[in-house]
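What follows is the content of protein12.txt (compact mmCIF, C-alpha atoms and all ligand atoms).
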```txt
# COMPACT_ATOMS: atom_id res chain seq x y z
CA MET A 1 115.67 107.30 98.84
CA THR A 2 117.68 107.17 102.04
CA PRO A 3 116.73 104.58 104.67
CA VAL A 4 115.84 107.43 107.06
CA ALA A 5 113.32 108.92 104.62
CA THR A 6 111.97 105.48 103.76
CA SER A 7 111.32 104.54 107.36
CA GLY A 8 109.97 107.99 108.20
CA LEU A 9 107.36 107.57 105.48
CA LEU A 10 106.35 104.22 106.93
CA LEU A 11 105.46 105.97 110.18
CA SER A 12 103.68 108.95 108.62
CA ILE A 13 102.13 107.75 105.36
CA GLY A 14 102.05 104.09 106.46
CA GLU A 15 103.34 102.93 103.09
CA GLU A 16 106.51 101.80 101.35
CA SER A 17 108.24 104.81 99.77
CA ASP A 18 108.22 103.42 96.20
CA ARG A 19 104.39 103.32 96.33
CA ILE A 20 103.97 107.00 97.23
CA SER A 21 103.55 109.80 94.68
CA ALA A 22 106.17 112.44 95.50
CA ARG A 23 104.00 115.09 93.80
CA ASP A 24 100.98 114.25 95.95
CA TYR A 25 103.17 114.09 99.06
CA GLN A 26 104.50 117.54 98.28
CA ARG A 27 101.09 119.15 98.44
CA LEU A 28 99.95 117.53 101.69
CA TRP A 29 99.32 119.84 104.60
CA SER A 30 98.24 119.10 108.13
CA GLY A 31 98.04 121.06 111.34
CA ASP A 32 98.93 119.89 114.83
CA ASP A 33 97.44 116.65 116.12
CA PHE A 34 95.71 116.62 119.49
CA VAL A 35 94.76 113.56 121.48
CA VAL A 36 91.13 113.48 122.64
CA PRO A 37 91.50 112.54 126.34
CA SER A 38 88.07 110.85 126.53
CA GLY A 39 88.67 108.89 123.31
CA TYR A 40 88.24 109.82 119.67
CA GLY A 41 84.92 107.97 119.39
CA ASN A 42 83.40 110.40 121.89
CA LEU A 43 84.35 113.34 119.68
CA VAL A 44 82.59 111.76 116.71
CA ALA A 45 79.53 110.84 118.80
CA ARG A 46 79.21 114.37 120.24
CA HIS A 47 79.68 115.94 116.81
CA GLY A 48 76.78 113.89 115.42
CA GLU A 49 74.47 114.27 118.43
CA GLY A 50 70.84 114.82 117.46
CA LEU A 51 71.28 113.57 113.89
CA ASP A 52 69.45 110.52 112.51
CA ILE A 53 72.46 108.23 112.24
CA ARG A 54 72.02 104.47 111.80
CA LEU A 55 74.95 102.36 112.89
CA GLY A 56 75.57 98.78 111.82
CA GLU A 57 73.84 99.33 108.46
CA PRO A 58 76.45 98.77 105.76
CA VAL A 59 75.39 100.15 102.39
CA GLU A 60 75.22 97.30 99.90
CA THR A 61 74.15 98.99 96.66
CA ILE A 62 73.79 102.49 95.25
CA ARG A 63 71.57 102.91 92.22
CA TRP A 64 72.07 106.21 90.42
CA ASP A 65 70.47 105.74 86.97
CA GLY A 66 67.13 107.27 87.91
CA PRO A 67 66.21 110.85 88.70
CA GLY A 68 67.85 110.46 92.13
CA VAL A 69 69.61 107.69 94.05
CA GLU A 70 68.44 104.49 95.75
CA ILE A 71 70.61 103.19 98.55
CA THR A 72 70.13 99.69 99.85
CA THR A 73 71.12 98.28 103.21
CA ARG A 74 69.91 95.01 104.74
CA SER A 75 67.05 96.97 106.36
CA GLY A 76 65.66 98.34 103.13
CA THR A 77 66.01 101.02 100.50
CA LEU A 78 66.42 104.74 100.95
CA LYS A 79 65.58 107.17 98.14
CA ALA A 80 67.15 110.59 97.85
CA ARG A 81 67.98 113.31 95.37
CA ALA A 82 71.70 112.71 95.79
CA CYS A 83 74.14 111.00 98.12
CA ILE A 84 77.59 111.66 99.54
CA VAL A 85 79.72 108.55 99.91
CA THR A 86 82.48 108.79 102.50
CA VAL A 87 83.55 105.16 102.81
CA PRO A 88 87.31 104.62 102.58
CA VAL A 89 88.88 104.16 99.15
CA GLY A 90 89.72 100.59 100.23
CA VAL A 91 86.02 99.78 100.45
CA LEU A 92 85.32 101.32 97.02
CA LYS A 93 88.24 99.46 95.44
CA ALA A 94 87.13 96.16 96.98
CA GLY A 95 83.73 96.62 95.29
CA ASP A 96 81.94 96.14 98.61
CA ILE A 97 79.31 98.65 97.49
CA ARG A 98 77.74 97.78 94.14
CA PHE A 99 77.05 100.85 92.01
CA THR A 100 74.39 100.61 89.30
CA PRO A 101 75.38 101.64 86.72
CA ALA A 102 79.05 100.99 87.47
CA LEU A 103 81.16 103.99 88.44
CA PRO A 104 82.34 105.93 85.35
CA ALA A 105 85.73 105.08 83.83
CA ARG A 106 87.15 108.41 85.02
CA THR A 107 86.32 107.57 88.64
CA ARG A 108 87.57 103.99 88.27
CA ASP A 109 90.86 105.29 86.82
CA ALA A 110 91.20 107.61 89.79
CA LEU A 111 90.60 104.70 92.17
CA ASN A 112 93.27 102.68 90.39
CA GLY A 113 95.76 105.45 91.16
CA ILE A 114 95.07 105.47 94.89
CA GLY A 115 95.81 102.69 97.34
CA MET A 116 95.39 102.33 101.07
CA GLY A 117 98.33 102.66 103.44
CA ALA A 118 98.61 100.52 106.52
CA LEU A 119 99.53 102.75 109.44
CA THR A 120 98.76 100.49 112.39
CA LYS A 121 98.64 100.89 116.15
CA ILE A 122 98.95 98.17 118.76
CA ALA A 123 98.17 99.28 122.29
CA LEU A 124 99.22 97.25 125.33
CA LYS A 125 97.93 97.69 128.84
CA VAL A 126 100.99 97.60 131.07
CA GLU A 127 100.42 97.63 134.83
CA GLY A 128 102.43 97.81 138.01
CA ASP A 129 105.78 99.11 136.77
CA ARG A 130 107.20 102.00 134.73
CA PHE A 131 110.58 100.23 134.25
CA GLY A 132 112.39 103.47 135.09
CA ILE A 133 110.95 105.10 131.98
CA LYS A 134 109.79 108.71 132.13
CA PRO A 135 106.09 108.71 131.11
CA GLY A 136 105.60 110.19 127.66
CA MET A 137 108.90 108.92 126.24
CA SER A 138 109.03 107.33 122.79
CA TYR A 139 111.32 104.49 121.82
CA LEU A 140 112.13 103.49 118.28
CA GLU A 141 112.91 99.93 117.22
CA ALA A 142 114.81 100.36 113.99
CA GLY A 143 116.60 97.06 113.52
CA SER A 144 115.66 97.21 109.86
CA PRO A 145 114.49 100.24 107.84
CA LYS A 146 111.54 98.17 106.59
CA ALA A 147 110.44 97.12 110.07
CA MET A 148 110.34 100.34 112.00
CA MET A 149 108.30 100.41 115.22
CA ASN A 150 107.67 103.58 117.21
CA VAL A 151 106.55 103.02 120.79
CA ASP A 152 104.94 105.72 122.93
CA LEU A 153 105.41 104.75 126.57
CA PHE A 154 102.93 105.61 129.30
CA PRO A 155 101.51 108.81 127.72
CA ASP A 156 99.94 111.08 130.38
CA ASP A 157 101.28 108.58 132.91
CA LYS A 158 98.61 106.09 131.86
CA ASP A 159 99.14 102.30 132.03
CA ILE A 160 99.41 102.11 128.29
CA VAL A 161 102.08 101.57 125.68
CA ILE A 162 101.21 102.33 122.06
CA ALA A 163 103.30 100.81 119.31
CA TYR A 164 102.84 101.88 115.74
CA CYS A 165 104.25 100.93 112.39
CA GLY A 166 103.31 101.00 108.70
CA GLY A 167 103.71 99.43 105.27
CA ASP A 168 104.15 95.73 104.64
CA TYR A 169 105.44 95.15 108.18
CA ALA A 170 102.07 96.40 109.50
CA ARG A 171 100.17 94.38 106.90
CA ASP A 172 101.94 91.20 108.06
CA LEU A 173 101.13 91.95 111.70
CA SER A 174 97.48 92.66 110.81
CA ARG A 175 97.20 89.32 109.06
CA ALA A 176 98.93 87.55 111.95
CA GLY A 177 96.17 88.73 114.32
CA THR A 178 95.84 90.23 117.77
CA ALA A 179 97.66 87.57 119.83
CA ALA A 180 100.65 87.51 117.49
CA ALA A 181 100.82 91.33 117.40
CA ARG A 182 100.70 91.47 121.19
CA ASP A 183 103.50 88.87 121.44
CA HIS A 184 105.60 90.71 118.85
CA VAL A 185 105.41 94.09 120.59
CA THR A 186 105.93 92.46 124.00
CA GLU A 187 109.03 90.73 122.64
CA LEU A 188 110.44 94.00 121.27
CA LEU A 189 109.89 95.79 124.56
CA ALA A 190 111.20 92.94 126.69
CA LYS A 191 114.46 93.29 124.76
CA MET A 192 114.48 97.07 125.28
CA VAL A 193 113.40 97.42 128.90
CA GLY A 194 113.91 93.98 130.42
CA GLU A 195 112.33 90.55 130.71
CA SER A 196 109.99 91.63 133.53
CA PHE A 197 108.04 93.64 130.93
CA ARG A 198 106.32 90.44 129.79
CA LYS A 199 104.51 89.92 133.10
CA ALA A 200 103.29 93.52 133.24
CA VAL A 201 101.33 93.23 129.97
CA THR A 202 97.70 92.63 130.94
CA GLY A 203 95.79 93.57 127.80
CA VAL A 204 95.92 94.48 124.14
CA SER A 205 93.88 96.56 121.75
CA PHE A 206 94.62 96.06 118.07
CA PRO A 207 92.35 97.71 115.52
CA ALA A 208 93.95 96.11 112.45
CA TRP A 209 92.58 98.43 109.79
CA TRP A 210 94.34 96.58 106.99
CA THR A 211 92.22 93.47 107.57
CA ASP A 212 89.09 95.39 108.62
CA PRO A 213 86.50 94.97 105.83
CA PHE A 214 85.11 98.45 106.55
CA SER A 215 88.39 100.20 105.80
CA HIS A 216 90.92 97.86 104.08
CA GLY A 217 93.75 100.07 105.31
CA SER A 218 94.57 103.22 107.24
CA TYR A 219 94.13 106.05 104.72
CA SER A 220 94.60 106.78 101.04
CA VAL A 221 97.97 106.97 99.33
CA CYS A 222 98.44 108.28 95.76
CA ARG A 223 100.59 106.02 93.67
CA PRO A 224 103.52 107.52 91.68
CA GLY A 225 102.22 109.14 88.49
CA PHE A 226 98.65 109.51 89.83
CA GLU A 227 98.84 112.85 91.60
CA THR A 228 95.63 114.06 89.90
CA ALA A 229 93.60 111.10 91.19
CA ARG A 230 92.27 112.83 94.32
CA ASP A 231 90.78 115.72 92.33
CA ARG A 232 89.18 113.32 89.85
CA LEU A 233 87.69 111.28 92.66
CA ALA A 234 86.06 114.41 94.07
CA GLU A 235 84.24 115.17 90.79
CA PRO A 236 80.46 114.68 91.03
CA ILE A 237 79.13 111.55 89.36
CA GLY A 238 76.05 112.05 87.22
CA GLY A 239 75.10 115.09 89.32
CA ARG A 240 73.83 112.65 91.98
CA VAL A 241 76.75 110.95 93.69
CA TRP A 242 79.62 112.69 95.44
CA LEU A 243 82.58 110.75 96.76
CA ALA A 244 84.01 112.59 99.75
CA GLY A 245 86.16 111.76 102.79
CA GLU A 246 89.89 112.09 103.26
CA ALA A 247 90.91 110.61 99.89
CA THR A 248 89.24 113.50 98.05
CA ALA A 249 90.66 116.21 100.28
CA GLY A 250 93.56 117.31 98.03
CA GLY A 251 96.38 118.53 100.26
CA GLY A 252 94.26 117.73 103.32
CA ALA A 253 94.17 114.02 102.48
CA MET A 254 94.93 111.52 105.23
CA THR A 255 93.65 113.82 107.98
CA VAL A 256 90.47 114.35 109.95
CA GLY A 257 90.58 118.05 109.09
CA GLY A 258 90.81 117.29 105.37
CA ALA A 259 88.02 114.72 105.55
CA THR A 260 85.79 117.25 107.32
CA LEU A 261 86.45 119.97 104.73
CA ALA A 262 85.89 117.54 101.84
CA GLY A 263 82.59 116.42 103.37
CA ARG A 264 81.47 120.01 103.84
CA ALA A 265 82.34 120.88 100.23
CA ALA A 266 80.30 117.91 98.97
CA ALA A 267 77.38 118.85 101.26
CA ALA A 268 77.46 122.43 99.95
CA ALA A 269 77.37 121.15 96.35
CA VAL A 270 74.39 118.88 97.11
CA ALA A 271 72.58 121.72 98.87
CA ARG A 272 72.88 123.79 95.68
CA LEU A 273 71.04 121.15 93.62
CA LYS A 274 67.67 122.34 92.37
CA ALA A 275 64.68 120.40 93.70
C1 LIG B 301 96.67 104.82 112.93
C2 LIG B 301 96.08 106.08 112.39
C3 LIG B 301 96.45 107.30 112.94
C4 LIG B 301 95.91 108.47 112.45
N1 LIG B 301 96.27 109.66 113.03
C5 LIG B 301 95.72 110.81 112.61
C6 LIG B 301 96.03 112.03 113.24
O1 LIG B 301 96.81 112.08 114.20
N2 LIG B 301 95.44 113.18 112.77
C7 LIG B 301 94.56 113.16 111.73
O2 LIG B 301 94.03 114.22 111.34
N3 LIG B 301 94.22 112.00 111.11
C8 LIG B 301 94.79 110.83 111.54
N4 LIG B 301 94.46 109.64 110.93
C9 LIG B 301 93.62 109.70 109.71
C10 LIG B 301 92.15 109.86 110.00
O3 LIG B 301 91.74 108.84 110.88
C11 LIG B 301 91.41 109.74 108.64
O4 LIG B 301 91.95 110.66 107.72
C12 LIG B 301 89.93 110.06 108.84
O5 LIG B 301 89.35 109.17 109.76
C13 LIG B 301 89.23 109.92 107.49
O6 LIG B 301 87.86 110.19 107.66
P1 LIG B 301 86.80 109.67 106.61
O7 LIG B 301 85.48 110.11 107.11
O8 LIG B 301 87.22 110.03 105.24
O9 LIG B 301 86.92 108.07 106.67
P2 LIG B 301 86.77 107.07 107.88
O10 LIG B 301 87.06 107.74 109.19
O11 LIG B 301 87.59 105.88 107.49
O12 LIG B 301 85.22 106.71 107.88
C14 LIG B 301 84.65 105.90 106.91
C15 LIG B 301 83.45 105.21 107.52
O13 LIG B 301 82.76 104.45 106.50
C16 LIG B 301 82.26 103.28 107.12
N5 LIG B 301 81.92 102.28 106.10
C17 LIG B 301 82.74 101.42 105.44
N6 LIG B 301 82.05 100.66 104.59
C18 LIG B 301 80.74 101.04 104.68
C19 LIG B 301 79.54 100.64 104.04
N7 LIG B 301 79.52 99.69 103.11
N8 LIG B 301 78.37 101.26 104.40
C20 LIG B 301 78.37 102.25 105.32
N9 LIG B 301 79.50 102.68 105.98
C21 LIG B 301 80.65 102.06 105.65
C22 LIG B 301 83.40 102.85 108.03
O14 LIG B 301 82.92 101.94 109.01
C23 LIG B 301 83.81 104.20 108.62
O15 LIG B 301 83.07 104.51 109.78
C24 LIG B 301 94.97 108.44 111.39
C25 LIG B 301 94.58 107.21 110.85
C26 LIG B 301 95.13 106.05 111.34
C27 LIG B 301 94.68 104.74 110.75
```
Please, can you express the file's structure as structure tokens?
Ligand SMILES: Cc1cc2nc3c(=O)[nH]c(=O)nc-3n(C[C@H](O)[C@H](O)[C@H](O)COP(=O)(O)OP(=O)(O)OC[C@H]3O[C@@H](n4cnc5c(N)ncnc54)[C@H](O)[C@@H]3O)c2cc1C
Amino acid sequence: MTPVATSGLLLSIGEESDRISARDYQRLWSGDDFVVPSGYGNLVARHGEGLDIRLGEPVETIRWDGPGVEITTRSGTLKARACIVTVPVGVLKAGDIRFTPALPARTRDALNGIGMGALTKIALKVEGDRFGIKPGMSYLEAGSPKAMMNVDLFPDDKDIVIAYCGGDYARDLSRAGTAAARDHVTELLAKMVGESFRKAVTGVSFPAWWTDPFSHGSYSVCRPGFETARDRLAEPIGGRVWLAGEATAGGGAMTVGGATLAGRAAAAAVARLKA
């Protein structure tokens, strides 16, 4: 694969090109992306308004050998006819939720064929100067095809600079931690726009999904030879457990739209269950 394609995949799929199934990639679709001006979290909160949603209650176990399911969190056990599990594939692969009985071999095989990418964003608050840059510009640091960093500068004329990268470069930065990531991006930009950039950096936000135990990565990536894994993962388990979320969304994988459609399909299947 050419270096251009390799580095482009790092910024879109968030993964090294030799770990991406070309067949799965070929069927991916996605529409336009829009930024939520008030923040993405607000969109999720408004969407779920009025629903009985408990935050800060990680699911620890799911028992599915009875007539229904029993889901345990640290606050107790919930019984239901069926459940839809939308945790990231990274969480399932890490075994952070214990299934009893264990997930069937077919589901485990599917999980083996899907990994998590590491698309990663590092946002800096940059105040007092625009360094002669037109707000909304993007710069690309491409010193090496493996260490590609895209930087969006002052979007909507806000005091913010958002750097993003993927693959093993992003994994290393995630492991290095917030201060090191801030220093790294500051260093890159000081070289691009001038030494005075350093003083203008007044804050950092670094949601390092790769090291976040509730995601273990950015989104799912089918490994070469495993292009059927997403469909297998979406198959109901024992008529009681549905895995949903972006990884099961076929061509819609890796997107919010795909995750939403996959969740709705699972909800429709559960709603059809006989009491
Ligand atoms: C940097 C980046 C940029 C992106 N840009 C875009 C974009 O422009 N457009 C787009 O469409 N998509 C984008 N995506 C992808 C999009 O964010 C995902 O596809 C989408 O969030 C997947 O939704 P989901 O519900 O399947 O999983 P998630 O959004 O990952 O939700 C899973 C939830 O499960 C929770 N969880 C984990 N473990 C447990 C547990 N044990 N018990 C209970 N809950 C648990 C997690 O905390 C999380 O809230 C981007 C992703 C990244 C990382």
Box in all listed atoms of ligand LIG 301 (chain B), axis-aligned, with 3 Å more on each side; write out centre and edge lengths in Å to one decimal as lines of an AutoDock Vina configuration file.
```
center_x = 87.6
center_y = 107.0
center_z = 108.7
size_x = 24.4
size_y = 20.5
size_z = 17.1
```
Measure the distance from atom CA of Arg63 of chain A to atom CA of Leu111 of chain A in Å and round it to one decimal. 19.1 Å
Please, what distance in Å, to one decimal, runs between atom CA of Asp183 of chain A and atom C10 of ligand LIG 301 (chain B)?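 Result for atom CA of Asp183 of chain A versus atom C10 of ligand LIG 301 (chain B): 26.5 Å, one decimal.
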If we draw a sphere of 7 Å around (79.2, 113.3, 100.9), which residues have at least one atom in it when counting all atoms listed in the file? Please report them as a list in words. Cys83, Ile84, Val85, Thr86, Trp242, Leu243, Ala244, Gly263, Ala266 and Ala267 of chain A
Would you save the residues from that selection as a compact mmCIF listing (two decimals), keeping the file's coordinate frame, using C-alpha atoms?
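Output file result_33.txt follows:
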```txt
# COMPACT_ATOMS: atom_id res chain seq x y z
CA CYS A 83 74.14 111.00 98.12
CA ILE A 84 77.59 111.66 99.54
CA VAL A 85 79.72 108.55 99.91
CA THR A 86 82.48 108.79 102.50
CA TRP A 242 79.62 112.69 95.44
CA LEU A 243 82.58 110.75 96.76
CA ALA A 244 84.01 112.59 99.75
CA GLY A 263 82.59 116.42 103.37
CA ALA A 266 80.30 117.91 98.97
CA ALA A 267 77.38 118.85 101.26
```
Taking only C-alpha atoms and all ligand atoms into account, which residues are within 6 Å of ligand LIG 301 (chain B), as a PyMOL selection string? chain A and resi 33+58-60+86-88+91+97+119-121+214-215+218-219+245-246+254-257+259
Please determine the residues with any atom at most 9 Å from (93.9, 112.7, 91.0) (coordinates as given in the file, with all atoms listed in the file counting) and report them as a list in words.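 Collected hits near the coordinates: Asp24, Ala110, Leu111, Gly113, Ile114, Cys222, Phe226, Glu227, Thr228, Ala229, Arg230, Asp231, Arg232, Leu233, Ala234, Thr248 and Gly250 of chain A.
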Measuring between all atoms listed in the file, which one of A:Gly66, A:Thr186, A:Glu16, A:Asp159 shows the shortest distance to Lys79 of chain A?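 Answer, going by the shortest atom-to-atom distance: A:Gly66.
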Given the choices A:Glu141, A:Glu235, A:Asp156, A:Asp212, which gets closest to Val193 of chain A if the distance is worked out from all atoms listed in the file?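 Comparing A:Glu141, A:Glu235, A:Asp156, A:Asp212 against Val193 of chain A, the winner is A:Glu141.
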At what distance in Å, to one decimal, does atom CA of Asp18 of chain A lie from atom CA of Gly143 of chain A? 20.3 Å
From A:Ala271, A:Val44, A:Ile237, A:Leu173, residue lying nearest Ala105 of chain A [only C-alpha atoms]: A:Ile237
Which residue of A:Asp157, A:Val151, A:Ala275, A:Pro207 approaches Lys134 of chain A most closely, using only C-alpha atoms: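 Closest residue, counting only C-alpha atoms: A:Asp157.
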Which of these, A:Asp65, A:Ala253, A:Ala268, A:Ala142, has the shortest distance to Thr6 of chain A once you count all atoms listed in the file?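 Once distances to Thr6 of chain A are computed over all atoms listed in the file, the minimum belongs to A:Ala142.
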Got a sec: who's within 7 Å of Val89 of chain A, counting all atoms listed in the file, leaving out chain neighbours fewer than 4 positions off, as a list of chain:residue names? A:Lys93, A:Ser220, A:Ala247
